[in-house]
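The structure under discussion appears below in the form of C-alpha cells.
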Amino acid sequence: MAISNIRYGEGVTKEIGMDLQNLGARRVCLMTDKNLSKLPPVNAVLNSLAKYGINFQMYDNVRVEPTDQSFLDAIQFAKKGEFDAYVAVGGGSVMDTCKAANLYAASPSSEFLDYVNAPIGKGKPVTVPLKPLIAVPTTSGTGSETTGVAIFDFKELKVKTGIASRAIKPTLGIIDPLHTLSMPERIVANSGFDVLCHALESYTALPYNKRSPCPSNPIERPAYQGSNPVSDVWALHALRVVAKYLKRAIRNPEDREARANMHLASAFAGIGFGNAGVHLCHGMSYPISGLVKTYKPKDYNVDHSLVPHGLSVVLTSPAVFAFTAQIHPERHLEAAEILGADIRTARIKDAGLILADTLRKFLFDLNVDDGLAAIGYSKADIPALVKGTLPQERVTKLSPRSQTEEDLSALFEASMKLY
C-alpha cells in the first residue's frame, strides 16, 4: 500500500508556508490554472507563502483536462526554474500536471514517452529522486493528492493515457474543506461521480492475487494491483459517504458538512483505487474524453470542448456493472444496497441489473446528460471509441471479467442512452 501523508481540517492551508520552511525549500514552483488563480484557495496559499517569506514562481497555465502538449509546457517551466519543491493548487488536472513537471525536471535526459504507460509509452520504472510536492485539492473528485498517477490526453492518438508510479505521489496532501465552497454545482457533481466510480471499480476489480504474472522485481509492481483487503475498506467507506452526502453537496453550496465530507471521500477513494486500481468505466472514459467534438459542459469556464472526467466515467457505469457482476455478484449487490437499493428479496444473479438500475436512478435524480448520445456521440462513433479503449490495458486488465472488442462495442452501445 502506498499513500501520501494527508492533513485535513478547515483552514489548514495556512500552514503550507511553514511546511515549505521545514523542508528547507528555497525555490518553490506553485502550479494552478487560470480560473483558480483568482479564487480563494490560491489566495490562501499565496498569503501563507508571503507570511513565511517563501521564494516562489507561479505557473497558472495548466489546462483543464491536460494534453501531452500542456504537460510539456509545464515540464519546460519546471526545468528552467530549477525548483527544490512544488505546490499544486487545483483539481486533478493541476495535481497531475505538477507531478509530471516534477518527474521530468528530476530526470532531464528522459524522453517524454519513457515514463508513459505501456503500450503507448515505455512504462519505465522511476529510479530518480523527485523533489517534495505538496498538493492542495480544490475539487472533491480525483483523489490525486493521494495517488501516483498523472493522466493526460495524448493528442496524436486521441486517447487519454498517463504515468503511473508510486514515485510521483505527492509528499503531502492538504485537504482543506474551505476550498470546496467556491465549486459550482456541475463541478461538484462531475467530481463526485469520479469518487463514486473510483470506489465501485476498485471494490469490484480483479483481486490482487489473481493478477498475474507476479513481477520479477518489486520495483516492477504496478501502482494498480487489483482489489485487496486494505483498499476494500477505503472504497466501501468512500461509497457510503457518497451515498449520504453527494446529492446534498450538489444541491446546496452552503451545506458545509456535505461538501467537507465529499472532500474527504475523494481522498478515501484515492487511497482505495490508488492501490487497487480502476477498470472498465475508466478505461472506456479515456476515448470518450479524447474524441470529444463540440460538447461544452455547464459551469466550466473553458475555451475548448471537453467532457469532464467524472462525467465521461459515470455514463458507462450502468452498462459496465451489469456486465461485470457475474464475477463477485455479492460485491455488486452490496454496493447497490449502500447506494439505496432494497435488496431484501433480491436474487444474487440479478446483482448487476440491480446495481445498474440503482446507478441510473441516482444519475437521473441529479440531471445527468442522457447517455453518450447527449454529449455528441452516435453509433457511428463506436468503432473509434473501442479502438481508443484497447490501449488502456493498465486498467482494462483489472476488470473482473475479461472483454472482447464485441463486448466493448455492446457496452458503448448500451451507454448511448441511460433512461
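To be explicit about the labels: the chains of the C-alpha cells are called A, B, and onward in the order shown, and within each one the residues are counted from 1, while ligands get numbers from 1 in the order they are shown.
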
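Proximity to A:Phe193 at 9 Å, evaluated using only C-alpha atoms and with sequence-adjacent residues fewer than 6 positions away removed, yields A:Gly141, A:Val242, A:Leu246, A:His309, A:Gly310, A:Leu311, A:Val313, A:Val314.
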
Selected residues written out with N, CA and C atoms, as a tab-separated table (two decimals), in the first residue's frame:
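Produced file again39.tsv, reproduced below:
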chain	number	residue	atom	x	y	z
A	141	GLY	N	-12.90	15.02	-6.12
A	141	GLY	CA	-13.09	14.02	-7.16
A	141	GLY	C	-11.94	13.09	-7.39
A	242	VAL	N	-20.42	8.94	-0.24
A	242	VAL	CA	-21.05	9.42	-1.48
A	242	VAL	C	-22.57	9.26	-1.38
A	246	LEU	N	-23.38	13.17	-1.43
A	246	LEU	CA	-23.16	13.78	-2.75
A	246	LEU	C	-24.34	14.64	-3.20
A	309	HIS	N	-13.99	14.71	-16.72
A	309	HIS	CA	-13.56	13.34	-16.46
A	309	HIS	C	-14.63	12.53	-15.72
A	310	GLY	N	-15.19	13.08	-14.64
A	310	GLY	CA	-16.18	12.31	-13.87
A	310	GLY	C	-17.41	11.94	-14.67
A	311	LEU	N	-17.81	12.84	-15.58
A	311	LEU	CA	-18.96	12.56	-16.44
A	311	LEU	C	-18.62	11.46	-17.44
A	313	VAL	N	-16.69	9.08	-17.09
A	313	VAL	CA	-16.56	7.80	-16.38
A	313	VAL	C	-17.94	7.24	-16.00
A	314	VAL	N	-18.81	8.12	-15.51
A	314	VAL	CA	-20.06	7.62	-14.92
A	314	VAL	C	-21.10	7.22	-15.98

Can you pull out the residues contacting stretch 95-103 of chain A? Cut-off 6 Å, using only C-alpha atoms, and skip same-chain residues under 2 positions away; I want them as a CSV table (one decimal) with C-alpha atoms, in the first residue's frame.
chain,number,residue,atom,x,y,z
A,71,PHE,CA,2.3,18.7,-19.8
A,74,ALA,CA,4.7,22.8,-17.6
A,75,ILE,CA,7.8,20.5,-17.8
A,78,ALA,CA,9.9,23.3,-14.2
A,88,ALA,CA,-0.2,22.2,-6.8
A,92,GLY,CA,-6.8,16.6,-10.8
A,93,SER,CA,-5.6,18.4,-13.9
A,105,ALA,CA,12.6,18.1,-14.2
A,106,ALA,CA,14.2,15.5,-12.0
A,150,ALA,CA,-0.9,11.5,-13.7
A,168,ILE,CA,5.3,10.6,-8.3

- Tell me which protein, DNA and RNA residues are within 12 Å of A:Leu390, counting only C-alpha atoms, leaving out same-chain ones fewer than 4 positions away, and put them as a PyMOL selection string. chain A and resi 118-120+157+159-161+280+283-287+383-386+394-397+403-409

Would you mind exporting the chosen residues as a tab-separated table (two decimals), in the first residue's frame, restricted to N, CA, C and O atoms?
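Result written to out-v3.tsv:
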chain	number	residue	atom	x	y	z
A	118	ALA	N	2.79	1.81	-20.81
A	118	ALA	CA	2.76	0.93	-21.99
A	118	ALA	C	1.29	0.57	-22.26
A	118	ALA	O	0.49	0.57	-21.33
A	119	PRO	N	0.87	0.25	-23.48
A	119	PRO	CA	1.70	0.13	-24.69
A	119	PRO	C	1.92	1.46	-25.43
A	119	PRO	O	2.59	1.48	-26.44
A	120	ILE	N	1.37	2.57	-24.91
A	120	ILE	CA	1.54	3.84	-25.62
A	120	ILE	C	2.96	4.38	-25.42
A	120	ILE	O	3.61	4.81	-26.35
A	157	LEU	N	-2.93	10.26	-30.82
A	157	LEU	CA	-3.75	9.04	-30.88
A	157	LEU	C	-5.20	9.29	-30.45
A	157	LEU	O	-6.02	8.38	-30.47
A	159	VAL	N	-6.33	9.62	-27.47
A	159	VAL	CA	-6.72	8.82	-26.30
A	159	VAL	C	-6.09	9.45	-25.05
A	159	VAL	O	-5.08	10.14	-25.13
A	160	LYS	N	-6.73	9.15	-23.94
A	160	LYS	CA	-6.13	9.55	-22.67
A	160	LYS	C	-5.22	8.42	-22.21
A	160	LYS	O	-5.53	7.24	-22.39
A	161	THR	N	-4.10	8.78	-21.64
A	161	THR	CA	-3.21	7.79	-21.04
A	161	THR	C	-2.58	8.47	-19.84
A	161	THR	O	-3.10	9.47	-19.36
A	280	LEU	N	-13.16	-0.89	-16.08
A	280	LEU	CA	-13.75	-0.55	-17.38
A	280	LEU	C	-14.34	0.86	-17.49
A	280	LEU	O	-14.22	1.49	-18.54
A	283	GLY	N	-11.34	2.87	-18.20
A	283	GLY	CA	-10.73	2.51	-19.48
A	283	GLY	C	-11.53	3.04	-20.66
A	283	GLY	O	-10.98	3.56	-21.64
A	284	MET	N	-12.88	2.96	-20.55
A	284	MET	CA	-13.75	3.43	-21.64
A	284	MET	C	-13.90	4.95	-21.63
A	284	MET	O	-14.23	5.57	-22.64
A	285	SER	N	-13.65	5.56	-20.47
A	285	SER	CA	-13.84	7.02	-20.37
A	285	SER	C	-12.77	7.78	-21.15
A	285	SER	O	-12.99	8.90	-21.60
A	286	TYR	N	-11.59	7.17	-21.30
A	286	TYR	CA	-10.48	7.91	-21.91
A	286	TYR	C	-10.77	8.29	-23.37
A	286	TYR	O	-10.58	9.44	-23.76
A	287	PRO	N	-11.26	7.35	-24.21
A	287	PRO	CA	-11.64	7.79	-25.56
A	287	PRO	C	-12.88	8.71	-25.56
A	287	PRO	O	-13.00	9.58	-26.42
A	383	PRO	N	-16.85	2.25	-33.23
A	383	PRO	CA	-15.54	1.64	-33.55
A	383	PRO	C	-14.36	2.48	-33.06
A	383	PRO	O	-13.38	1.94	-32.54
A	384	ALA	N	-14.47	3.80	-33.19
A	384	ALA	CA	-13.37	4.68	-32.73
A	384	ALA	C	-13.26	4.64	-31.20
A	384	ALA	O	-12.15	4.66	-30.65
A	385	LEU	N	-14.40	4.58	-30.52
A	385	LEU	CA	-14.39	4.52	-29.04
A	385	LEU	C	-13.75	3.20	-28.57
A	385	LEU	O	-12.96	3.19	-27.63
A	386	VAL	N	-14.07	2.12	-29.27
A	386	VAL	CA	-13.48	0.81	-28.91
A	386	VAL	C	-11.97	0.85	-29.16
A	386	VAL	O	-11.17	0.43	-28.32
A	394	ARG	N	-3.63	-1.04	-18.86
A	394	ARG	CA	-3.28	-0.84	-17.45
A	394	ARG	C	-4.53	-0.95	-16.57
A	394	ARG	O	-4.47	-1.44	-15.45
A	395	VAL	N	-5.68	-0.49	-17.09
A	395	VAL	CA	-6.91	-0.57	-16.29
A	395	VAL	C	-7.86	-1.66	-16.78
A	395	VAL	O	-8.47	-2.34	-15.97
A	396	THR	N	-7.99	-1.83	-18.10
A	396	THR	CA	-8.98	-2.82	-18.58
A	396	THR	C	-8.64	-4.23	-18.11
A	396	THR	O	-9.52	-5.05	-17.88
A	397	LYS	N	-7.34	-4.51	-17.92
A	397	LYS	CA	-6.93	-5.83	-17.43
A	397	LYS	C	-7.39	-6.09	-16.00
A	397	LYS	O	-7.38	-7.22	-15.54
A	403	GLN	N	-12.83	-8.91	-21.50
A	403	GLN	CA	-13.77	-8.42	-22.51
A	403	GLN	C	-13.15	-8.47	-23.90
A	403	GLN	O	-11.96	-8.25	-24.06
A	404	THR	N	-14.00	-8.75	-24.89
A	404	THR	CA	-13.58	-8.74	-26.29
A	404	THR	C	-13.94	-7.38	-26.90
A	404	THR	O	-14.64	-6.58	-26.26
A	405	GLU	N	-13.50	-7.16	-28.13
A	405	GLU	CA	-13.90	-5.93	-28.82
A	405	GLU	C	-15.42	-5.87	-28.97
A	405	GLU	O	-16.02	-4.80	-28.87
A	406	GLU	N	-16.03	-7.05	-29.20
A	406	GLU	CA	-17.50	-7.09	-29.34
A	406	GLU	C	-18.16	-6.67	-28.03
A	406	GLU	O	-19.15	-5.94	-28.02
A	407	ASP	N	-17.60	-7.14	-26.91
A	407	ASP	CA	-18.15	-6.75	-25.60
A	407	ASP	C	-18.08	-5.24	-25.41
A	407	ASP	O	-19.05	-4.61	-24.97
A	408	LEU	N	-16.94	-4.66	-25.77
A	408	LEU	CA	-16.77	-3.21	-25.60
A	408	LEU	C	-17.77	-2.45	-26.49
A	408	LEU	O	-18.38	-1.48	-26.05
A	409	SER	N	-17.94	-2.93	-27.72
A	409	SER	CA	-18.93	-2.29	-28.62
A	409	SER	C	-20.32	-2.31	-27.99
A	409	SER	O	-21.04	-1.31	-27.99

- Query: So which residues of stretch 153-364 of chain A fall under helix (DSSP H, G or I) by DSSP, listed as an NGL selection string?
  - Reply: :A and (155-157 or 166-168 or 177-182 or 185-204 or 208-210 or 218-220 or 229-251 or 256-276 or 280-290 or 309-314 or 317-324 or 329-338 or 348-364)

- Write down as number ranges by chain the residues of stretch 117-198 of chain A whose backbone DSSP state falls under strand (DSSP E). A: 133-137, 149-154, 159-164, 172-175

Could those residues be written to a file, using C-alpha atoms, as a compact mmCIF listing (two decimals), in the first residue's frame?
# COMPACT_ATOMS: atom_id res chain seq x y z
CA LEU A 133 5.35 18.06 -3.82
CA ILE A 134 2.51 19.44 -1.68
CA ALA A 135 -0.94 19.00 -3.24
CA VAL A 136 -3.88 21.22 -2.25
CA PRO A 137 -7.04 19.79 -3.88
CA VAL A 149 -0.97 8.64 -11.23
CA ALA A 150 -0.95 11.53 -13.74
CA ILE A 151 -3.43 11.43 -16.63
CA PHE A 152 -3.36 13.38 -19.93
CA ASP A 153 -4.81 13.40 -23.46
CA PHE A 154 -2.34 12.04 -26.00
CA VAL A 159 -6.72 8.82 -26.30
CA LYS A 160 -6.13 9.55 -22.67
CA THR A 161 -3.21 7.79 -21.04
CA GLY A 162 -0.88 8.63 -18.20
CA ILE A 163 2.06 7.94 -15.96
CA ALA A 164 1.64 5.59 -13.01
CA LEU A 172 1.71 15.79 1.46
CA GLY A 173 -1.95 16.32 0.60
CA ILE A 174 -3.52 19.34 2.33
CA ILE A 175 -7.25 18.68 2.42

Shell of 6 Å around A:Thr146, only C-alpha atoms, local chain residues under 3 positions omitted, as a short mmCIF file (atom, residue, chain, number, x, y, z; two decimals) with C-alpha atoms, in the first residue's frame:
data_model
loop_
_atom_site.label_atom_id
_atom_site.label_comp_id
_atom_site.auth_asym_id
_atom_site.auth_seq_id
_atom_site.Cartn_x
_atom_site.Cartn_y
_atom_site.Cartn_z
CA ILE A 3 -0.38 6.73 0.06
CA SER A 4 0.68 10.31 0.62
CA GLY A 143 -8.12 11.89 -5.10
CA GLY A 270 -7.99 7.78 -3.80
#

- Have a look at atom CA of A:Thr294 and atom CA of A:Lys158 and let me know their distance in Å, one decimal. 14.7 Å

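The smallest atom-to-atom distance between A:Ala374 and any of A:Val278, A:Leu30, A:Leu49, A:Leu418, using only C-alpha atoms, is found for A:Leu418.
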
- Task: Identify, on the basis of only C-alpha atoms, every residue whose closest approach to A:Asn61 does not exceed 10 Å; exclude the query and any residue fewer than 6 positions from it along the same chain; express the result as a list in words.
- Result: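 After dropping sequence-adjacent residues, the list is Met31, Thr32, Asp33, Lys34, Asn35, Ser37, Ser70, Asp73, Ala74 and Val94 of chain A.
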
- Residues near A:Arg240, cut-off 9 Å, only C-alpha atoms, skip fewer than 4 positions along chain, as a list in words: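 Using only C-alpha atoms, the neighbours found are Ala235, Leu236, Lys244, Tyr245, Ala265, Ala335, Ile338 and Leu339 of chain A.
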
- Message: Just to confirm, what's the straight-line distance from atom CA of A:Pro213 to atom CA of A:Leu200 in Å (one decimal)?
- Response: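 For atom CA of A:Pro213 relative to atom CA of A:Leu200, the distance reads 24.6 Å.
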
- Measuring atom to atom with only C-alpha atoms, identify which of A:Pro177, A:Pro329, A:Pro297, A:Pro184 is nearest to A:Gly9.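 Looking at the shortest contact to A:Gly9, the residue is A:Pro177.
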
- Message: Let me make sure I understand: among A:Ser109, A:Gly90, A:Lys131, A:Pro41, which one has the smallest atom-to-atom distance to A:Val62 if we use only C-alpha atoms?
- Response: A:Gly90

- Atom pair atom CA of A:Pro229 + atom CA of A:Glu201, distance 14.3 Å

- So, counting only C-alpha atoms, which residue among A:Leu181, A:Leu39, A:Val230, A:Val307 is closest to A:Arg256? A:Leu181

- Proximity to A:Tyr208 - best of A:Val188, A:Val320, A:Ala223, A:Leu113, only C-alpha atoms: A:Ala223
